[in-house]
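Contents: one structure, followed by commentary.
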Amino acid sequence: PMMSREWEYFDGRCYFFSIQRTSWVKAKTKCQNWNSHLAVIHDAAKQNFIQSRTRNEHFWIGLTDVDTEGQWRWIDGTDYNNGFTNWSKGEPNDAGQREDCAQIHGAGEWNDVPCNYEESFYICEKPLPS
Ligand code: 2F8
Ligand code: CA
């Protein structure tokens with residue numbers, strides 16, 4: 001079972017950095033099953049915390065334009081437009097017209113890739129237990 005020590009604390013919230021790779025769609029469900037959601041990143045402090053934990057791997061974050069191409073939205077409903085972003089140069093590029101889910105690279109930049117790409121780790125986020 002999920003042990004509480006696997007969640008890390010940062011700035012009032014708890015984060016899980018997976019040790020298994022899966023698709024964005026499956027990662028979204030896993031986070032939901034643990035009363036959490038894929039991580040959202042609204043400022044440089046959180047960006048820096050997350051990129052310090054990526055083990056130089058790629059991790060899914062809670063950012064998608066799967067509903068309407070080009071309209072990115074955070075999975076928790078918080079505002080994307082005019083907010084913090086850290087896309088790699090040239091991203092998001094919707095390569096092959098099939099990249100609708102975002103991941104963070106080991107170095108910290110974001111890239112859109114296919115939501116059914118199975119080779120990324122993922123980050124879940126939740127409030128402190130009450
Ligand atoms: O060059 C950027 C480009 O690199 C890869 O495609 C070759 C990425 N695809 C995956 O990681 C699956 C693209 O998303 C990225 O835009
Ligand atoms: Ca891309």
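Chain labels run A, B, ... following the order of the structure tokens; each chain numbers its residues from 1, and ligands are numbered from 1 in the order shown.
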
Surrounding residues as a JSON list (two decimals) with N, CA, C and O atoms, in the first residue's frame, ligand 1, max 10 Å, only C-alpha atoms and all ligand atoms:
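That gives us out_14.json:
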[["chain", "number", "residue", "atom", "x", "y", "z"],
["A", 58, "HIS", "N", 11.43, 12.52, -16.90],
["A", 58, "HIS", "CA", 10.25, 13.27, -17.32],
["A", 58, "HIS", "C", 9.07, 12.89, -16.44],
["A", 58, "HIS", "O", 8.84, 11.70, -16.20],
["A", 88, "SER", "N", 9.53, 24.62, -22.75],
["A", 88, "SER", "CA", 10.77, 24.61, -23.52],
["A", 88, "SER", "C", 10.62, 25.50, -24.73],
["A", 88, "SER", "O", 9.50, 25.71, -25.22],
["A", 89, "LYS", "N", 11.74, 25.99, -25.25],
["A", 89, "LYS", "CA", 11.70, 26.80, -26.47],
["A", 89, "LYS", "C", 11.01, 25.99, -27.58],
["A", 89, "LYS", "O", 11.34, 24.82, -27.82],
["A", 90, "GLY", "N", 10.03, 26.60, -28.23],
["A", 90, "GLY", "CA", 9.31, 25.94, -29.32],
["A", 90, "GLY", "C", 8.14, 25.08, -28.88],
["A", 90, "GLY", "O", 7.42, 24.54, -29.72],
["A", 91, "GLU", "N", 7.95, 24.96, -27.57],
["A", 91, "GLU", "CA", 6.83, 24.18, -27.04],
["A", 91, "GLU", "C", 5.76, 25.10, -26.44],
["A", 91, "GLU", "O", 6.09, 26.20, -26.03],
["A", 92, "PRO", "N", 4.52, 24.67, -26.38],
["A", 92, "PRO", "CA", 4.00, 23.39, -26.87],
["A", 92, "PRO", "C", 3.82, 23.43, -28.39],
["A", 92, "PRO", "O", 3.38, 24.44, -28.92],
["A", 93, "ASN", "N", 4.19, 22.33, -29.07],
["A", 93, "ASN", "CA", 4.16, 22.34, -30.53],
["A", 93, "ASN", "C", 3.15, 21.36, -31.12],
["A", 93, "ASN", "O", 3.06, 21.25, -32.34],
["A", 94, "ASP", "N", 2.44, 20.62, -30.27],
["A", 94, "ASP", "CA", 1.43, 19.67, -30.76],
["A", 94, "ASP", "C", 1.99, 18.81, -31.90],
["A", 94, "ASP", "O", 1.33, 18.62, -32.93],
["A", 95, "ALA", "N", 3.20, 18.27, -31.68],
["A", 95, "ALA", "CA", 3.87, 17.50, -32.73],
["A", 95, "ALA", "C", 2.98, 16.37, -33.23],
["A", 95, "ALA", "O", 2.38, 15.64, -32.45],
["A", 96, "GLY", "N", 2.89, 16.27, -34.55],
["A", 96, "GLY", "CA", 2.03, 15.25, -35.15],
["A", 96, "GLY", "C", 0.55, 15.50, -34.90],
["A", 96, "GLY", "O", -0.27, 14.61, -35.10],
["A", 98, "ARG", "N", -0.89, 15.55, -32.18],
["A", 98, "ARG", "CA", -1.45, 14.61, -31.21],
["A", 98, "ARG", "C", -0.83, 14.76, -29.82],
["A", 98, "ARG", "O", -0.84, 13.84, -29.03],
["A", 99, "GLU", "N", -0.29, 15.96, -29.51],
["A", 99, "GLU", "CA", 0.33, 16.16, -28.19],
["A", 99, "GLU", "C", -0.52, 17.10, -27.35],
["A", 99, "GLU", "O", -0.51, 18.32, -27.56],
["A", 100, "ASP", "N", -1.26, 16.54, -26.42],
["A", 100, "ASP", "CA", -2.23, 17.32, -25.65],
["A", 100, "ASP", "C", -2.01, 17.26, -24.14],
["A", 100, "ASP", "O", -2.87, 17.72, -23.37],
["A", 101, "CYS", "N", -0.90, 16.67, -23.71],
["A", 101, "CYS", "CA", -0.63, 16.57, -22.27],
["A", 101, "CYS", "C", 0.81, 17.00, -21.99],
["A", 101, "CYS", "O", 1.70, 16.74, -22.78],
["A", 102, "ALA", "N", 1.00, 17.67, -20.84],
["A", 102, "ALA", "CA", 2.30, 18.28, -20.55],
["A", 102, "ALA", "C", 3.11, 17.46, -19.56],
["A", 102, "ALA", "O", 2.56, 16.87, -18.62],
["A", 103, "GLN", "N", 4.42, 17.46, -19.78],
["A", 103, "GLN", "CA", 5.34, 16.88, -18.81],
["A", 103, "GLN", "C", 6.46, 17.86, -18.55],
["A", 103, "GLN", "O", 6.75, 18.75, -19.35],
["A", 105, "HIS", "N", 10.48, 18.20, -17.96],
["A", 105, "HIS", "CA", 11.75, 17.52, -18.21],
["A", 105, "HIS", "C", 12.60, 17.56, -16.95],
["A", 105, "HIS", "O", 12.38, 18.38, -16.06],
["A", 110, "TRP", "N", 9.00, 22.48, -19.69],
["A", 110, "TRP", "CA", 7.79, 21.72, -19.99],
["A", 110, "TRP", "C", 7.73, 21.41, -21.49],
["A", 110, "TRP", "O", 8.22, 22.18, -22.31],
["A", 111, "ASN", "N", 7.08, 20.28, -21.82],
["A", 111, "ASN", "CA", 6.87, 19.88, -23.21],
["A", 111, "ASN", "C", 5.53, 19.16, -23.31],
["A", 111, "ASN", "O", 5.16, 18.42, -22.40],
["A", 112, "ASP", "N", 4.82, 19.38, -24.41],
["A", 112, "ASP", "CA", 3.60, 18.61, -24.65],
["A", 112, "ASP", "C", 3.95, 17.32, -25.40],
["A", 112, "ASP", "O", 4.80, 17.33, -26.31],
["A", 113, "VAL", "N", 3.32, 16.22, -25.00],
["A", 113, "VAL", "CA", 3.51, 14.91, -25.63],
["A", 113, "VAL", "C", 2.14, 14.23, -25.69],
["A", 113, "VAL", "O", 1.18, 14.71, -25.08],
["A", 114, "PRO", "N", 2.05, 13.12, -26.44],
["A", 114, "PRO", "CA", 0.75, 12.44, -26.49],
["A", 114, "PRO", "C", 0.30, 11.96, -25.11],
["A", 114, "PRO", "O", 1.10, 11.42, -24.34],
["A", 115, "CYS", "N", -0.99, 12.13, -24.81],
["A", 115, "CYS", "CA", -1.52, 11.77, -23.50],
["A", 115, "CYS", "C", -1.41, 10.27, -23.24],
["A", 115, "CYS", "O", -1.42, 9.84, -22.08],
["A", 116, "ASN", "N", -1.33, 9.46, -24.31],
["A", 116, "ASN", "CA", -1.24, 8.01, -24.12],
["A", 116, "ASN", "C", 0.21, 7.50, -24.17],
["A", 116, "ASN", "O", 0.43, 6.30, -24.17],
["A", 117, "TYR", "N", 1.17, 8.43, -24.21],
["A", 117, "TYR", "CA", 2.60, 8.06, -24.11],
["A", 117, "TYR", "C", 2.83, 7.44, -22.73],
["A", 117, "TYR", "O", 2.51, 8.04, -21.70],
["A", 118, "GLU", "N", 3.38, 6.22, -22.71],
["A", 118, "GLU", "CA", 3.42, 5.43, -21.46],
["A", 118, "GLU", "C", 4.73, 5.57, -20.70],
["A", 118, "GLU", "O", 4.92, 4.88, -19.70],
["A", 119, "GLU", "N", 5.63, 6.43, -21.17],
["A", 119, "GLU", "CA", 7.00, 6.38, -20.66],
["A", 119, "GLU", "C", 7.38, 7.49, -19.69],
["A", 119, "GLU", "O", 8.57, 7.72, -19.47],
["A", 120, "SER", "N", 6.40, 8.15, -19.11],
["A", 120, "SER", "CA", 6.72, 9.22, -18.16],
["A", 120, "SER", "C", 6.36, 8.83, -16.73],
["A", 120, "SER", "O", 5.37, 8.13, -16.50]]

### Task
Name the residues in contact with Leu63 (chain A) at a cut-off of 6 Å, using only C-alpha atoms, excluding same-chain residues fewer than 4 positions from it; report them as JSON, numbers by chain.
{"A": [73, 74, 75, 102]}

Store the residues of this selection in a file with N, CA and C atoms, as a PDB file, in the first residue's frame.
ATOM      1  N   ARG A  73      -5.228  24.089 -19.966  1.00  0.00           N
ATOM      2  CA  ARG A  73      -5.930  24.284 -18.683  1.00  0.00           C
ATOM      3  C   ARG A  73      -5.279  23.410 -17.612  1.00  0.00           C
ATOM      4  N   TRP A  74      -5.242  23.956 -16.388  1.00  0.00           N
ATOM      5  CA  TRP A  74      -4.750  23.202 -15.239  1.00  0.00           C
ATOM      6  C   TRP A  74      -5.852  22.284 -14.733  1.00  0.00           C
ATOM      7  N   ILE A  75      -5.448  21.094 -14.281  1.00  0.00           N
ATOM      8  CA  ILE A  75      -6.394  20.044 -13.939  1.00  0.00           C
ATOM      9  C   ILE A  75      -7.216  20.379 -12.693  1.00  0.00           C
ATOM     10  N   ALA A 102       0.998  17.669 -20.843  1.00  0.00           N
ATOM     11  CA  ALA A 102       2.301  18.280 -20.553  1.00  0.00           C
ATOM     12  C   ALA A 102       3.108  17.460 -19.559  1.00  0.00           C
TER      13      ALA A 102
END

### Task
Find the residues near Leu128 (chain A): any atom within 8 Å, counting only C-alpha atoms, skip ones fewer than 6 places away on the same chain, and give them as a PyMOL selection string.
chain A and resi 12-14

### Query
Which residues, written as a ChimeraX atom specification, have at least one atom at most 9 Å from Arg53 (chain A), with only C-alpha atoms counted and residues fewer than 5 positions away on the same chain left out?
/A:17,48,106

### Message
At a cut-off of 10 Å, using only C-alpha atoms, what residues contact Asp43 (chain A)? Leave out same-chain residues fewer than 6 positions from it and give the result as an MDAnalysis selection string.
### Response
chainID A and resid 83:86

### Test item: residues at most 7 Å from region 26-42 of chain A, only C-alpha atoms, excluding those fewer than 5 positions along its chain, as a list in words
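Here the qualifying residues turn out to be Gln47, Ile61, Gly62, Trp74, Gly83, Phe84, Tyr122, Ile123, Cys124, Glu125 and Lys126 of chain A.
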
### Query
For ligand 2, which residue out of A:Ile19, A:Ala44, A:Ile104, A:Val25 is the nearest one, using only C-alpha atoms and all ligand atoms?
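Among A:Ile19, A:Ala44, A:Ile104, A:Val25, it is A:Ile104 that comes nearest to ligand 2.
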
### Query
To one decimal place, how far is CA of Val66 (chain A) from CA of Asn82 (chain A) in Å?
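According to the coordinates, CA of Val66 (chain A) and CA of Asn82 (chain A) are separated by 19.4 Å.
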
### Task
Tell me, in Å to one decimal, how far CA of Phe121 (chain A) is from CA of Gln51 (chain A).
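Straight-line distance from CA of Phe121 (chain A) to CA of Gln51 (chain A) works out to 12.9 Å.
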
Extract the full set of strand (DSSP E) residues from chain A according to DSSP on the backbone, and format it as a PDB file with N, CA and C atoms, in the first residue's frame.
ATOM      1  N   TRP A   7       5.179  10.578   0.388  1.00  0.00           N
ATOM      2  CA  TRP A   7       4.755  11.933   0.033  1.00  0.00           C
ATOM      3  C   TRP A   7       5.721  12.918   0.652  1.00  0.00           C
ATOM      4  N   GLU A   8       6.088  13.916  -0.126  1.00  0.00           N
ATOM      5  CA  GLU A   8       7.002  14.949   0.362  1.00  0.00           C
ATOM      6  C   GLU A   8       6.249  16.243   0.601  1.00  0.00           C
ATOM      7  N   TYR A   9       6.660  16.949   1.640  1.00  0.00           N
ATOM      8  CA  TYR A   9       6.021  18.211   1.997  1.00  0.00           C
ATOM      9  C   TYR A   9       6.711  19.388   1.319  1.00  0.00           C
ATOM     10  N   PHE A  10       5.907  20.293   0.769  1.00  0.00           N
ATOM     11  CA  PHE A  10       6.450  21.577   0.312  1.00  0.00           C
ATOM     12  C   PHE A  10       5.380  22.653   0.449  1.00  0.00           C
ATOM     13  N   ARG A  13       1.677  21.767   1.208  1.00  0.00           N
ATOM     14  CA  ARG A  13       1.012  20.695   0.477  1.00  0.00           C
ATOM     15  C   ARG A  13       1.925  19.478   0.386  1.00  0.00           C
ATOM     16  N   CYS A  14       1.368  18.339  -0.086  1.00  0.00           N
ATOM     17  CA  CYS A  14       2.106  17.079  -0.153  1.00  0.00           C
ATOM     18  C   CYS A  14       2.239  16.625  -1.603  1.00  0.00           C
ATOM     19  N   TYR A  15       3.409  16.063  -1.943  1.00  0.00           N
ATOM     20  CA  TYR A  15       3.725  15.695  -3.324  1.00  0.00           C
ATOM     21  C   TYR A  15       4.250  14.267  -3.400  1.00  0.00           C
ATOM     22  N   PHE A  16       3.805  13.544  -4.429  1.00  0.00           N
ATOM     23  CA  PHE A  16       4.260  12.184  -4.687  1.00  0.00           C
ATOM     24  C   PHE A  16       4.944  12.151  -6.045  1.00  0.00           C
ATOM     25  N   PHE A  17       6.212  11.761  -6.067  1.00  0.00           N
ATOM     26  CA  PHE A  17       6.987  11.621  -7.312  1.00  0.00           C
ATOM     27  C   PHE A  17       7.068  10.136  -7.610  1.00  0.00           C
ATOM     28  N   HIS A  37      -4.304  15.190  -7.136  1.00  0.00           N
ATOM     29  CA  HIS A  37      -4.392  15.438  -8.580  1.00  0.00           C
ATOM     30  C   HIS A  37      -2.984  15.644  -9.111  1.00  0.00           C
ATOM     31  N   LEU A  38      -2.817  15.481 -10.418  1.00  0.00           N
ATOM     32  CA  LEU A  38      -1.514  15.763 -11.034  1.00  0.00           C
ATOM     33  C   LEU A  38      -1.089  17.187 -10.667  1.00  0.00           C
ATOM     34  N   PHE A  59       8.313  13.872 -15.992  1.00  0.00           N
ATOM     35  CA  PHE A  59       7.156  13.630 -15.127  1.00  0.00           C
ATOM     36  C   PHE A  59       5.930  14.352 -15.674  1.00  0.00           C
ATOM     37  N   TRP A  60       4.796  13.660 -15.725  1.00  0.00           N
ATOM     38  CA  TRP A  60       3.525  14.294 -16.083  1.00  0.00           C
ATOM     39  C   TRP A  60       3.140  15.344 -15.055  1.00  0.00           C
ATOM     40  N   ILE A  61       2.602  16.456 -15.540  1.00  0.00           N
ATOM     41  CA  ILE A  61       1.978  17.454 -14.669  1.00  0.00           C
ATOM     42  C   ILE A  61       0.514  17.627 -15.094  1.00  0.00           C
ATOM     43  N   GLY A  62      -0.244  18.329 -14.282  1.00  0.00           N
ATOM     44  CA  GLY A  62      -1.690  18.429 -14.505  1.00  0.00           C
ATOM     45  C   GLY A  62      -2.062  19.545 -15.449  1.00  0.00           C
ATOM     46  N   LEU A  63      -1.551  19.461 -16.674  1.00  0.00           N
ATOM     47  CA  LEU A  63      -1.767  20.519 -17.671  1.00  0.00           C
ATOM     48  C   LEU A  63      -2.090  19.864 -19.011  1.00  0.00           C
ATOM     49  N   THR A  64      -3.218  20.252 -19.614  1.00  0.00           N
ATOM     50  CA  THR A  64      -3.678  19.600 -20.853  1.00  0.00           C
ATOM     51  C   THR A  64      -4.450  20.573 -21.731  1.00  0.00           C
ATOM     52  N   ARG A  73      -5.228  24.089 -19.966  1.00  0.00           N
ATOM     53  CA  ARG A  73      -5.930  24.284 -18.683  1.00  0.00           C
ATOM     54  C   ARG A  73      -5.279  23.410 -17.612  1.00  0.00           C
ATOM     55  N   TRP A  74      -5.242  23.956 -16.388  1.00  0.00           N
ATOM     56  CA  TRP A  74      -4.750  23.202 -15.239  1.00  0.00           C
ATOM     57  C   TRP A  74      -5.852  22.284 -14.733  1.00  0.00           C
ATOM     58  N   CYS A 101      -0.899  16.671 -23.706  1.00  0.00           N
ATOM     59  CA  CYS A 101      -0.630  16.573 -22.271  1.00  0.00           C
ATOM     60  C   CYS A 101       0.808  17.005 -21.990  1.00  0.00           C
ATOM     61  N   ALA A 102       0.998  17.669 -20.843  1.00  0.00           N
ATOM     62  CA  ALA A 102       2.301  18.280 -20.553  1.00  0.00           C
ATOM     63  C   ALA A 102       3.108  17.460 -19.559  1.00  0.00           C
ATOM     64  N   GLN A 103       4.419  17.464 -19.784  1.00  0.00           N
ATOM     65  CA  GLN A 103       5.336  16.878 -18.810  1.00  0.00           C
ATOM     66  C   GLN A 103       6.464  17.857 -18.547  1.00  0.00           C
ATOM     67  N   ILE A 104       7.108  17.674 -17.400  1.00  0.00           N
ATOM     68  CA  ILE A 104       8.271  18.485 -17.040  1.00  0.00           C
ATOM     69  C   ILE A 104       9.512  17.643 -17.270  1.00  0.00           C
ATOM     70  N   TRP A 110       9.002  22.483 -19.689  1.00  0.00           N
ATOM     71  CA  TRP A 110       7.794  21.717 -19.995  1.00  0.00           C
ATOM     72  C   TRP A 110       7.732  21.411 -21.489  1.00  0.00           C
ATOM     73  N   ASN A 111       7.080  20.279 -21.815  1.00  0.00           N
ATOM     74  CA  ASN A 111       6.867  19.881 -23.207  1.00  0.00           C
ATOM     75  C   ASN A 111       5.534  19.161 -23.309  1.00  0.00           C
ATOM     76  N   ASP A 112       4.819  19.382 -24.414  1.00  0.00           N
ATOM     77  CA  ASP A 112       3.600  18.606 -24.654  1.00  0.00           C
ATOM     78  C   ASP A 112       3.949  17.322 -25.403  1.00  0.00           C
ATOM     79  N   VAL A 113       3.324  16.225 -25.002  1.00  0.00           N
ATOM     80  CA  VAL A 113       3.512  14.912 -25.631  1.00  0.00           C
ATOM     81  C   VAL A 113       2.140  14.232 -25.695  1.00  0.00           C
ATOM     82  N   PHE A 121       7.131   9.313 -15.793  1.00  0.00           N
ATOM     83  CA  PHE A 121       6.763   9.283 -14.385  1.00  0.00           C
ATOM     84  C   PHE A 121       5.706  10.371 -14.169  1.00  0.00           C
ATOM     85  N   TYR A 122       5.213  10.528 -12.958  1.00  0.00           N
ATOM     86  CA  TYR A 122       4.159  11.522 -12.727  1.00  0.00           C
ATOM     87  C   TYR A 122       4.240  12.056 -11.305  1.00  0.00           C
ATOM     88  N   ILE A 123       3.664  13.217 -11.118  1.00  0.00           N
ATOM     89  CA  ILE A 123       3.671  13.888  -9.811  1.00  0.00           C
ATOM     90  C   ILE A 123       2.234  14.125  -9.375  1.00  0.00           C
ATOM     91  N   CYS A 124       1.866  13.588  -8.202  1.00  0.00           N
ATOM     92  CA  CYS A 124       0.560  13.890  -7.610  1.00  0.00           C
ATOM     93  C   CYS A 124       0.751  14.923  -6.494  1.00  0.00           C
ATOM     94  N   GLU A 125      -0.311  15.669  -6.249  1.00  0.00           N
ATOM     95  CA  GLU A 125      -0.290  16.758  -5.260  1.00  0.00           C
ATOM     96  C   GLU A 125      -1.582  16.733  -4.458  1.00  0.00           C
ATOM     97  N   LYS A 126      -1.492  16.982  -3.161  1.00  0.00           N
ATOM     98  CA  LYS A 126      -2.709  17.026  -2.338  1.00  0.00           C
ATOM     99  C   LYS A 126      -2.491  17.921  -1.128  1.00  0.00           C
ATOM    100  N   PRO A 127      -3.585  18.353  -0.507  1.00  0.00           N
ATOM    101  CA  PRO A 127      -3.441  19.136   0.726  1.00  0.00           C
ATOM    102  C   PRO A 127      -2.873  18.260   1.839  1.00  0.00           C
TER     103      PRO A 127
END
